[in-house]
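Student: My structure is below; once you've seen it, I'll send some questions.
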Amino acid sequence: MLIAFNKPYSVLCQFTDRSVPPRRTLAEFDLPKGVYPAGRLDFDSEGLLLLTDDGGLAHRLTDPKHKQPKTYWVQVEGEPTEVQLRALREGVLLNDGPTLPAQAHRLNRPALWPRDPPVRFRKTVPDGWLELTLREGRNRQVRRMTAAVGLPTLRLVRIAIGAHRLHDLRPGHWRDCSA
């Protein structure tokens with residue numbers, strides 16, 4: 001079984017949380033029994049999370065040697081310049097080493113659901129949107145890459161993993177992609 005889930009902001013990619021007070025988890029979304037996340041999506045990120053009951057499939061989706069492309073829409077602080085986009089396309093040096101090159105281009109503000117809480121708005125600081133596609137999955141990589149080129153991330157929404165896309169799936173909803 002393969003499930004596409006639109007993970008809301010401020011939800012953990014696990015079914016339990018031992019924090020006090022506990023944070024929101026996948027357990028509240030009535031997902032099919034026996035499925036587990038194939039990969040992670042940060043607590044403060046939104047969008048496509050794949051869940052499966054097939055360990056081999058989970059491995060193919062998440063193992064870095066398979067280099068499954070993951071595509072994100074990223075709202076950043078500042079207006080992306082061609083120099084910044086080129087840096088992302090060539091790979092960025094992070095504290096844990098250089099990244100692989102990313103596909104990166106400007107994006108018009110996408111039609112997305114409102115985030116709760118909303119992204120902070122500042123009249124004096126413009127923001128812009130990027131579409132980034134990565135083929136590796138380091139911890140908080142998109143946020144670290146955009147920060148490294150001077151574009152701090154304000155909102156991060158994963159829209160695709162390989163051939164699997166979010167499409168019109170609303171936050172907190174899921175669909176079976178097994179067929």
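Going by the structure tokens order, chains are called A, B, ..., each with residues numbered from 1, while ligands are numbered from 1 in the order shown.
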Where does stretch 39-132 of chain A meet stretch 3-25 of chain A within 12 Å, residue by residue, with the nearest atom pair and distance in Å to one decimal for each, counting only C-alpha atoms, listed by chain and rising number, as CSV?

Tutor:
residue,atom,partner,partner_atom,distance
A:Gly39,CA,A:Cys13,CA,8.5
A:Arg40,CA,A:Cys13,CA,6.1
A:Leu41,CA,A:Cys13,CA,6.4
A:Asp42,CA,A:Leu12,CA,7.2
A:Phe43,CA,A:Ser10,CA,5.0
A:Asp44,CA,A:Ser10,CA,5.3
A:Ser45,CA,A:Tyr9,CA,5.6
A:Glu46,CA,A:Tyr9,CA,5.0
A:Gly47,CA,A:Asn6,CA,4.7
A:Leu48,CA,A:Asn6,CA,4.9
A:Leu49,CA,A:Phe5,CA,5.2
A:Leu50,CA,A:Ala4,CA,4.8
A:Leu51,CA,A:Ile3,CA,5.0
A:Thr52,CA,A:Ile3,CA,6.2
A:Asp53,CA,A:Ile3,CA,9.2
A:Asp54,CA,A:Ile3,CA,11.0
A:Leu57,CA,A:Ile3,CA,11.7
A:Ala58,CA,A:Ile3,CA,11.3
A:Leu112,CA,A:Asn6,CA,11.9
A:Trp113,CA,A:Pro8,CA,10.1
A:Pro114,CA,A:Tyr9,CA,10.4
A:Arg115,CA,A:Tyr9,CA,7.1
A:Asp116,CA,A:Tyr9,CA,7.2
A:Pro117,CA,A:Tyr9,CA,8.5
A:Pro118,CA,A:Tyr9,CA,10.2
A:Val119,CA,A:Tyr9,CA,11.0

Student: Please save N, CA, C and O atoms of the selected residues as a short mmCIF file (atom, residue, chain, number, x, y, z; two decimals), in the first residue's frame.

Tutor:
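Dumped to out-v3.cif:
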data_model
loop_
_atom_site.label_atom_id
_atom_site.label_comp_id
_atom_site.auth_asym_id
_atom_site.auth_seq_id
_atom_site.Cartn_x
_atom_site.Cartn_y
_atom_site.Cartn_z
N GLY A 39 10.43 8.24 4.73
CA GLY A 39 11.16 9.49 4.80
C GLY A 39 10.53 10.43 5.81
O GLY A 39 9.61 10.05 6.55
N ARG A 40 11.06 11.63 5.85
CA ARG A 40 10.64 12.61 6.85
C ARG A 40 10.27 13.92 6.16
O ARG A 40 10.69 14.19 5.05
N LEU A 41 9.54 14.72 6.89
CA LEU A 41 9.26 16.09 6.52
C LEU A 41 9.24 16.84 7.85
O LEU A 41 8.52 16.46 8.77
N ASP A 42 10.05 17.88 7.96
CA ASP A 42 10.21 18.58 9.23
C ASP A 42 8.88 19.03 9.82
O ASP A 42 7.92 19.30 9.09
N PHE A 43 8.86 19.16 11.13
CA PHE A 43 7.71 19.64 11.89
C PHE A 43 7.18 20.95 11.33
O PHE A 43 5.97 21.17 11.22
N ASP A 44 8.10 21.85 10.93
CA ASP A 44 7.70 23.16 10.44
C ASP A 44 7.63 23.25 8.92
O ASP A 44 7.62 24.34 8.35
N SER A 45 7.56 22.10 8.26
CA SER A 45 7.36 22.04 6.80
C SER A 45 6.02 21.39 6.53
O SER A 45 5.46 20.71 7.38
N GLU A 46 5.54 21.57 5.31
CA GLU A 46 4.22 21.08 4.93
C GLU A 46 4.33 20.27 3.65
O GLU A 46 5.33 20.34 2.95
N GLY A 47 3.25 19.58 3.32
CA GLY A 47 3.16 18.98 2.00
C GLY A 47 3.26 17.48 1.97
O GLY A 47 2.94 16.78 2.94
N LEU A 48 3.71 16.98 0.82
CA LEU A 48 3.65 15.55 0.50
C LEU A 48 4.53 14.71 1.41
O LEU A 48 5.73 14.92 1.51
N LEU A 49 3.89 13.74 2.04
CA LEU A 49 4.56 12.70 2.81
C LEU A 49 4.00 11.38 2.30
O LEU A 49 2.79 11.22 2.21
N LEU A 50 4.88 10.48 1.91
CA LEU A 50 4.45 9.15 1.47
C LEU A 50 4.54 8.19 2.63
O LEU A 50 5.50 8.21 3.40
N LEU A 51 3.52 7.34 2.77
CA LEU A 51 3.49 6.31 3.80
C LEU A 51 3.22 4.98 3.12
O LEU A 51 2.47 4.91 2.15
N THR A 52 3.85 3.93 3.64
CA THR A 52 3.69 2.62 3.03
C THR A 52 3.79 1.52 4.08
O THR A 52 4.35 1.73 5.16
N ASP A 53 3.29 0.35 3.71
CA ASP A 53 3.46 -0.84 4.54
C ASP A 53 4.49 -1.78 3.91
O ASP A 53 4.69 -2.89 4.36
N ASP A 54 5.17 -1.31 2.85
CA ASP A 54 6.12 -2.11 2.08
C ASP A 54 7.53 -1.59 2.34
O ASP A 54 7.91 -0.52 1.84
N LEU A 57 9.66 -0.84 -0.80
CA LEU A 57 9.25 0.41 -1.45
C LEU A 57 9.76 1.61 -0.65
O LEU A 57 10.28 2.57 -1.22
N ALA A 58 9.62 1.55 0.65
CA ALA A 58 10.11 2.65 1.50
C ALA A 58 11.61 2.85 1.26
O ALA A 58 12.07 4.00 1.14
N LEU A 112 -1.87 28.20 -2.77
CA LEU A 112 -1.78 27.25 -1.66
C LEU A 112 -2.83 27.57 -0.62
O LEU A 112 -3.36 28.69 -0.56
N TRP A 113 -3.10 26.62 0.23
CA TRP A 113 -3.98 26.79 1.37
C TRP A 113 -3.32 27.77 2.35
O TRP A 113 -2.10 27.90 2.39
N PRO A 114 -4.12 28.44 3.17
CA PRO A 114 -3.53 29.31 4.20
C PRO A 114 -2.79 28.47 5.23
O PRO A 114 -3.21 27.36 5.55
N ARG A 115 -1.68 28.98 5.71
CA ARG A 115 -0.95 28.28 6.77
C ARG A 115 -1.42 28.79 8.12
O ARG A 115 -1.70 29.98 8.28
N ASP A 116 -1.51 27.89 9.08
CA ASP A 116 -1.90 28.25 10.44
C ASP A 116 -0.77 27.84 11.38
O ASP A 116 -0.54 26.64 11.54
N PRO A 117 -0.05 28.80 11.97
CA PRO A 117 -0.21 30.24 11.88
C PRO A 117 0.35 30.77 10.55
O PRO A 117 1.20 30.12 9.93
N PRO A 118 -0.11 31.95 10.14
CA PRO A 118 0.38 32.49 8.87
C PRO A 118 1.86 32.86 8.95
O PRO A 118 2.40 33.09 10.03
N VAL A 119 2.50 32.91 7.79
CA VAL A 119 3.88 33.36 7.69
C VAL A 119 3.90 34.84 8.05
O VAL A 119 3.02 35.59 7.63
#

Student: Mind checking which residues fall within 9 Å of A:Lys70, counting only C-alpha atoms, ignoring those fewer than 5 positions away in the same chain, and posting them as an mmCIF file with N, CA, C and O atoms, in the first residue's frame?

Tutor:
data_model
loop_
_atom_site.group_PDB
_atom_site.id
_atom_site.type_symbol
_atom_site.label_atom_id
_atom_site.label_comp_id
_atom_site.auth_asym_id
_atom_site.auth_seq_id
_atom_site.Cartn_x
_atom_site.Cartn_y
_atom_site.Cartn_z
ATOM 1 N N LEU A 132 12.399 24.273 -5.959
ATOM 2 C CA LEU A 132 13.685 23.574 -5.835
ATOM 3 C C LEU A 132 13.453 22.082 -5.941
ATOM 4 O O LEU A 132 12.536 21.555 -5.297
ATOM 5 N N THR A 133 14.294 21.407 -6.715
ATOM 6 C CA THR A 133 14.265 19.953 -6.787
ATOM 7 C C THR A 133 15.637 19.433 -6.385
ATOM 8 O O THR A 133 16.653 19.826 -6.973
ATOM 9 N N LEU A 134 15.647 18.570 -5.364
ATOM 10 C CA LEU A 134 16.877 17.984 -4.832
ATOM 11 C C LEU A 134 16.888 16.490 -5.085
ATOM 12 O O LEU A 134 15.831 15.860 -5.185
ATOM 13 N N ARG A 135 18.088 15.916 -5.111
ATOM 14 C CA ARG A 135 18.230 14.473 -5.252
ATOM 15 C C ARG A 135 19.008 13.877 -4.085
ATOM 16 O O ARG A 135 19.582 12.803 -4.195
ATOM 17 N N GLU A 136 19.048 14.588 -3.007
ATOM 18 C CA GLU A 136 19.609 14.082 -1.762
ATOM 19 C C GLU A 136 18.709 14.581 -0.649
ATOM 20 O O GLU A 136 17.852 15.415 -0.893
ATOM 21 N N GLY A 137 18.883 14.082 0.529
ATOM 22 C CA GLY A 137 17.946 14.447 1.591
ATOM 23 C C GLY A 137 18.616 14.657 2.931
ATOM 24 O O GLY A 137 18.348 13.940 3.878
ATOM 25 N N ARG A 158 6.552 20.628 0.342
ATOM 26 C CA ARG A 158 6.994 19.604 -0.611
ATOM 27 C C ARG A 158 5.809 19.241 -1.496
ATOM 28 O O ARG A 158 4.736 18.909 -1.004
ATOM 29 N N ILE A 159 6.033 19.301 -2.813
ATOM 30 C CA ILE A 159 4.939 19.032 -3.743
ATOM 31 C C ILE A 159 5.114 17.734 -4.514
ATOM 32 O O ILE A 159 4.161 17.266 -5.136
ATOM 33 N N ALA A 160 6.326 17.137 -4.490
ATOM 34 C CA ALA A 160 6.521 15.897 -5.245
ATOM 35 C C ALA A 160 7.690 15.099 -4.680
ATOM 36 O O ALA A 160 8.670 15.660 -4.180
ATOM 37 N N ILE A 161 7.550 13.774 -4.801
ATOM 38 C CA ILE A 161 8.633 12.826 -4.536
ATOM 39 C C ILE A 161 8.613 11.876 -5.713
ATOM 40 O O ILE A 161 7.645 11.128 -5.895
ATOM 41 N N GLY A 162 9.657 11.926 -6.533
ATOM 42 C CA GLY A 162 9.667 11.120 -7.746
ATOM 43 C C GLY A 162 8.448 11.452 -8.583
ATOM 44 O O GLY A 162 8.146 12.617 -8.835
#

Student: Nearest to A:Val76 among A:Met145, A:Asp30, A:Cys177, A:Leu169, with distances taken over only C-alpha atoms: which residue is it?

Tutor: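 Smallest distance to A:Val76 is found for A:Met145.
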
Student: Using only C-alpha atoms, which residues sit within 12 Å of A:Leu107 once same-chain residues fewer than 5 positions away are excluded, as an MDAnalysis selection string?

Tutor: chainID A and resid 72:76 79:80 85 127:132
